[in-house]
Amino acid sequence: MAVTDDTGDPPAGESVIMRAWAVLAMPARAELLGDVREGLRQWMVALGLTSDQADVIILCVDEAASNAVEHAYADGTGTIDIQAAKTVSPCTVRVTVSDRGAWRKPSKGPIDRGRGLALIRGLTGQFDMHTGPAGTTVTMTWVDPAQVADAAC
Amino acid sequence: MPFRDEVDQTVAVMATAPLWDSEDRDGKGPLGVTVQRDQDALVVVAVGEVDMHTAPTLSAALDFALARTSPLLVVDLSDVTFLASAGLSLLVTAHQQAGEHTKVRVVATAHAILRPIQITALDTLLAIYSSRDRAVAG
């Protein structure tokens, strides 16, 4: 990952972020997820993605963020970072959802998070979840041209 | 059966008022849910977004409907614009709790709603209908 350097030439073999959108240090509260979805949708519509393509990405981001809200923080006061990027070479939309909490074992609540992860796996071109001492980061990338609008690629 | 006739007349009089309404509970929000009677069916009508935050509203409506034993429970998602896994879990739970005397049918038409149902293969577990009328008529 790199941003365009001063000469405007991308480093060989690395993707270049053309557009970015982020929500940083958002309180990990479920009632804020609707605003995240709406903000992300507006960004993707501006990129030229269709409503259907935006729906897929929004669903996956919502699931990853819900996962963080539900499990990341024992005291319920943590924050979440959501960062979205549109890249060229290759043409992708990539979204990371990060928390800084210690992973808690999913409770036997009414919500089955396994189904949320199944949604992400089924609808994301590339999916990676990394949990470490500093927290959990979910990275989702849509690379299939059929899934990403060809605008700006 | 006189008792049954009496019940039906009461329902006819009350036809325009929902049996249960989320507006009467926690007020406004991105999801509104009502429970209505339609012929032999109880119909749970959801309007808006079903996510982790709003799922408890739908859950309460489903609990209300399931507590009133009915031969048919229709969950109408025609006017739902977003359905997350929290909502999928509620559909599965309702299906499991309904028991053998209550059929559960789900009305879903939009891609955004059918997609999560199909990706998680719940269309093989749940009976999906393309309109409320079809679901009620069966």
# chains A, B, ... in the order shown; residues from 1 in each chain; ligands from 1

call {"tool": "select_by_dssp", "arguments": {"residues": "chain B", "states": "strand (DSSP E)", "output": "count of residues only"}}
result
40

call {"tool": "closest_atom_pairs", "arguments": {"of": "chain A", "to": "chain B", "cutoff": "8 Å", "atoms": "only C-alpha atoms", "output": "CSV"}}
result
residue,atom,partner,partner_atom,distance
A:Ala30,CA,B:His53,CA,5.0
A:Glu31,CA,B:His53,CA,5.5
A:Leu33,CA,B:His53,CA,7.8
A:Asp52,CA,B:Ala112,CA,7.3
A:Asp55,CA,B:Ala112,CA,6.3
A:Val56,CA,B:Ala112,CA,7.7
A:Leu59,CA,B:Ala84,CA,6.7
A:Asp62,CA,B:Ala84,CA,7.5
A:Glu63,CA,B:Ala84,CA,6.9
A:Ser66,CA,B:Met52,CA,6.6
A:Pro110,CA,B:Ser89,CA,7.2
A:Ile111,CA,B:Ala86,CA,5.3
A:Asp112,CA,B:Ser89,CA,6.3
A:Arg113,CA,B:Ser85,CA,7.4
A:Arg115,CA,B:Ser85,CA,6.0
A:Gly116,CA,B:Ser85,CA,5.2
A:Ala118,CA,B:Thr120,CA,6.6
A:Leu119,CA,B:Ile119,CA,6.4
A:Gly122,CA,B:Ile119,CA,6.3
A:Leu123,CA,B:Ile119,CA,7.8

call {"tool": "residues_around", "arguments": {"residues": "region 68-84 of chain A", "least_positions_apart": "6", "cutoff": "7 Å", "atoms": "only C-alpha atoms", "output": "MDAnalysis selection string"}}
result
chainID A and resid 20:30 94:99 101:104 106

call {"tool": "atom_distance", "arguments": {"atom1": "CA of Asp24 (chain B)", "atom2": "CA of Phe64 (chain B)"}}
result
13.6 Å

call {"tool": "atom_distance", "arguments": {"atom1": "CA of Ile57 (chain A)", "atom2": "CA of Ser130 (chain B)"}}
result
24.6 Å

call {"tool": "atom_distance", "arguments": {"atom1": "CA of Thr131 (chain A)", "atom2": "CA of Asn67 (chain A)"}}
result
12.6 Å

call {"tool": "select_by_dssp", "arguments": {"residues": "region 9-128 of chain B", "states": "helix (DSSP H, G or I)", "output": "ChimeraX atom specification"}}
result
/B:9-13,22-24,55-67,85-97,111-119,122-124

call {"tool": "write_last_selection", "arguments": {"atoms": "N, CA and C atoms", "output": "compact mmCIF listing (two decimals), in the first residue's frame"}}
result
# COMPACT_ATOMS: atom_id res chain seq x y z
N GLN B 9 -65.41 -12.23 14.79
CA GLN B 9 -66.08 -10.93 14.70
C GLN B 9 -65.25 -9.85 15.37
N THR B 10 -64.67 -10.20 16.48
CA THR B 10 -63.83 -9.23 17.18
C THR B 10 -62.66 -8.82 16.30
N VAL B 11 -62.06 -9.81 15.65
CA VAL B 11 -60.92 -9.52 14.78
C VAL B 11 -61.36 -8.61 13.64
N ALA B 12 -62.55 -8.87 13.07
CA ALA B 12 -63.02 -8.05 11.96
C ALA B 12 -63.17 -6.59 12.37
N VAL B 13 -63.68 -6.37 13.54
CA VAL B 13 -63.86 -5.00 14.03
C VAL B 13 -62.51 -4.33 14.21
N SER B 22 -44.54 -1.39 17.37
CA SER B 22 -43.31 -0.94 18.03
C SER B 22 -43.39 0.54 18.41
N GLU B 23 -44.25 1.29 17.71
CA GLU B 23 -44.42 2.71 18.06
C GLU B 23 -44.94 2.86 19.48
N ASP B 24 -45.67 1.85 19.93
CA ASP B 24 -46.22 1.91 21.29
C ASP B 24 -45.17 1.53 22.33
N ALA B 55 -32.55 -5.02 15.89
CA ALA B 55 -33.05 -6.39 15.93
C ALA B 55 -33.94 -6.68 17.15
N PRO B 56 -33.63 -6.13 18.33
CA PRO B 56 -34.52 -6.42 19.47
C PRO B 56 -35.98 -6.02 19.26
N THR B 57 -36.22 -4.99 18.44
CA THR B 57 -37.60 -4.60 18.15
C THR B 57 -38.32 -5.70 17.37
N LEU B 58 -37.64 -6.23 16.34
CA LEU B 58 -38.23 -7.32 15.57
C LEU B 58 -38.38 -8.57 16.44
N SER B 59 -37.40 -8.79 17.30
CA SER B 59 -37.45 -9.95 18.19
C SER B 59 -38.67 -9.90 19.09
N ALA B 60 -38.97 -8.71 19.63
CA ALA B 60 -40.13 -8.56 20.52
C ALA B 60 -41.43 -8.84 19.77
N ALA B 61 -41.51 -8.37 18.53
CA ALA B 61 -42.71 -8.60 17.73
C ALA B 61 -42.88 -10.09 17.42
N LEU B 62 -41.79 -10.75 17.09
CA LEU B 62 -41.85 -12.19 16.79
C LEU B 62 -42.26 -12.97 18.04
N ASP B 63 -41.72 -12.57 19.19
CA ASP B 63 -42.09 -13.23 20.44
C ASP B 63 -43.59 -13.08 20.70
N PHE B 64 -44.08 -11.88 20.47
CA PHE B 64 -45.52 -11.62 20.67
C PHE B 64 -46.35 -12.53 19.76
N ALA B 65 -45.95 -12.58 18.48
CA ALA B 65 -46.72 -13.37 17.52
C ALA B 65 -46.65 -14.87 17.84
N LEU B 66 -45.47 -15.33 18.23
CA LEU B 66 -45.31 -16.76 18.51
C LEU B 66 -46.04 -17.18 19.77
N ALA B 67 -46.24 -16.23 20.67
CA ALA B 67 -46.95 -16.55 21.90
C ALA B 67 -48.43 -16.77 21.64
N SER B 85 -26.98 -10.00 9.87
CA SER B 85 -27.04 -11.35 10.44
C SER B 85 -27.86 -11.39 11.73
N ALA B 86 -27.92 -10.26 12.44
CA ALA B 86 -28.76 -10.23 13.64
C ALA B 86 -30.21 -10.52 13.29
N GLY B 87 -30.65 -10.03 12.13
CA GLY B 87 -32.01 -10.30 11.68
C GLY B 87 -32.17 -11.72 11.18
N LEU B 88 -31.14 -12.24 10.51
CA LEU B 88 -31.18 -13.62 10.04
C LEU B 88 -31.35 -14.58 11.21
N SER B 89 -30.63 -14.30 12.29
CA SER B 89 -30.73 -15.16 13.47
C SER B 89 -32.15 -15.17 14.04
N LEU B 90 -32.82 -14.02 13.98
CA LEU B 90 -34.19 -13.95 14.48
C LEU B 90 -35.13 -14.81 13.64
N LEU B 91 -34.90 -14.82 12.32
CA LEU B 91 -35.74 -15.64 11.44
C LEU B 91 -35.55 -17.12 11.75
N VAL B 92 -34.30 -17.50 11.98
CA VAL B 92 -34.01 -18.90 12.30
C VAL B 92 -34.65 -19.28 13.64
N THR B 93 -34.51 -18.39 14.61
CA THR B 93 -35.09 -18.65 15.94
C THR B 93 -36.61 -18.79 15.85
N ALA B 94 -37.23 -17.90 15.08
CA ALA B 94 -38.69 -17.97 14.94
C ALA B 94 -39.10 -19.29 14.30
N HIS B 95 -38.35 -19.69 13.29
CA HIS B 95 -38.62 -20.96 12.61
C HIS B 95 -38.52 -22.12 13.60
N GLN B 96 -37.50 -22.07 14.46
CA GLN B 96 -37.28 -23.15 15.42
C GLN B 96 -38.34 -23.16 16.51
N GLN B 97 -38.76 -21.96 16.94
CA GLN B 97 -39.69 -21.86 18.06
C GLN B 97 -41.15 -22.08 17.64
N HIS B 111 -33.20 -7.44 -3.62
CA HIS B 111 -31.88 -8.08 -3.65
C HIS B 111 -31.17 -7.95 -2.31
N ALA B 112 -31.24 -6.74 -1.75
CA ALA B 112 -30.48 -6.47 -0.52
C ALA B 112 -30.94 -7.36 0.63
N ILE B 113 -32.17 -7.87 0.55
CA ILE B 113 -32.71 -8.72 1.61
C ILE B 113 -32.54 -10.20 1.24
N LEU B 114 -32.76 -10.52 -0.03
CA LEU B 114 -32.61 -11.92 -0.46
C LEU B 114 -31.15 -12.36 -0.40
N ARG B 115 -30.25 -11.42 -0.67
CA ARG B 115 -28.82 -11.78 -0.74
C ARG B 115 -28.32 -12.41 0.56
N PRO B 116 -28.47 -11.75 1.72
CA PRO B 116 -27.98 -12.39 2.95
C PRO B 116 -28.69 -13.70 3.28
N ILE B 117 -29.96 -13.80 2.90
CA ILE B 117 -30.70 -15.05 3.14
C ILE B 117 -30.11 -16.18 2.30
N GLN B 118 -29.79 -15.86 1.05
CA GLN B 118 -29.29 -16.90 0.15
C GLN B 118 -27.83 -17.27 0.44
N ILE B 119 -27.01 -16.26 0.76
CA ILE B 119 -25.58 -16.53 1.00
C ILE B 119 -25.41 -17.45 2.20
N LEU B 122 -30.13 -19.84 4.07
CA LEU B 122 -31.37 -19.91 4.84
C LEU B 122 -32.59 -20.07 3.94
N ASP B 123 -32.41 -19.87 2.61
CA ASP B 123 -33.54 -20.09 1.71
C ASP B 123 -33.85 -21.59 1.60
N THR B 124 -32.94 -22.43 2.09
CA THR B 124 -33.24 -23.87 2.11
C THR B 124 -33.96 -24.26 3.41

call {"tool": "closest_residue", "arguments": {"among": "B:Val104, B:Ala110, B:Ala137, B:Leu77", "to": "Val45 (chain B)", "atoms": "only C-alpha atoms"}}
result
B:Leu77

call {"tool": "closest_residue", "arguments": {"among": "A:His130, A:Lys86, A:Arg100, A:Arg121", "to": "Arg19 (chain A)", "atoms": "only C-alpha atoms"}}
result
A:Lys86
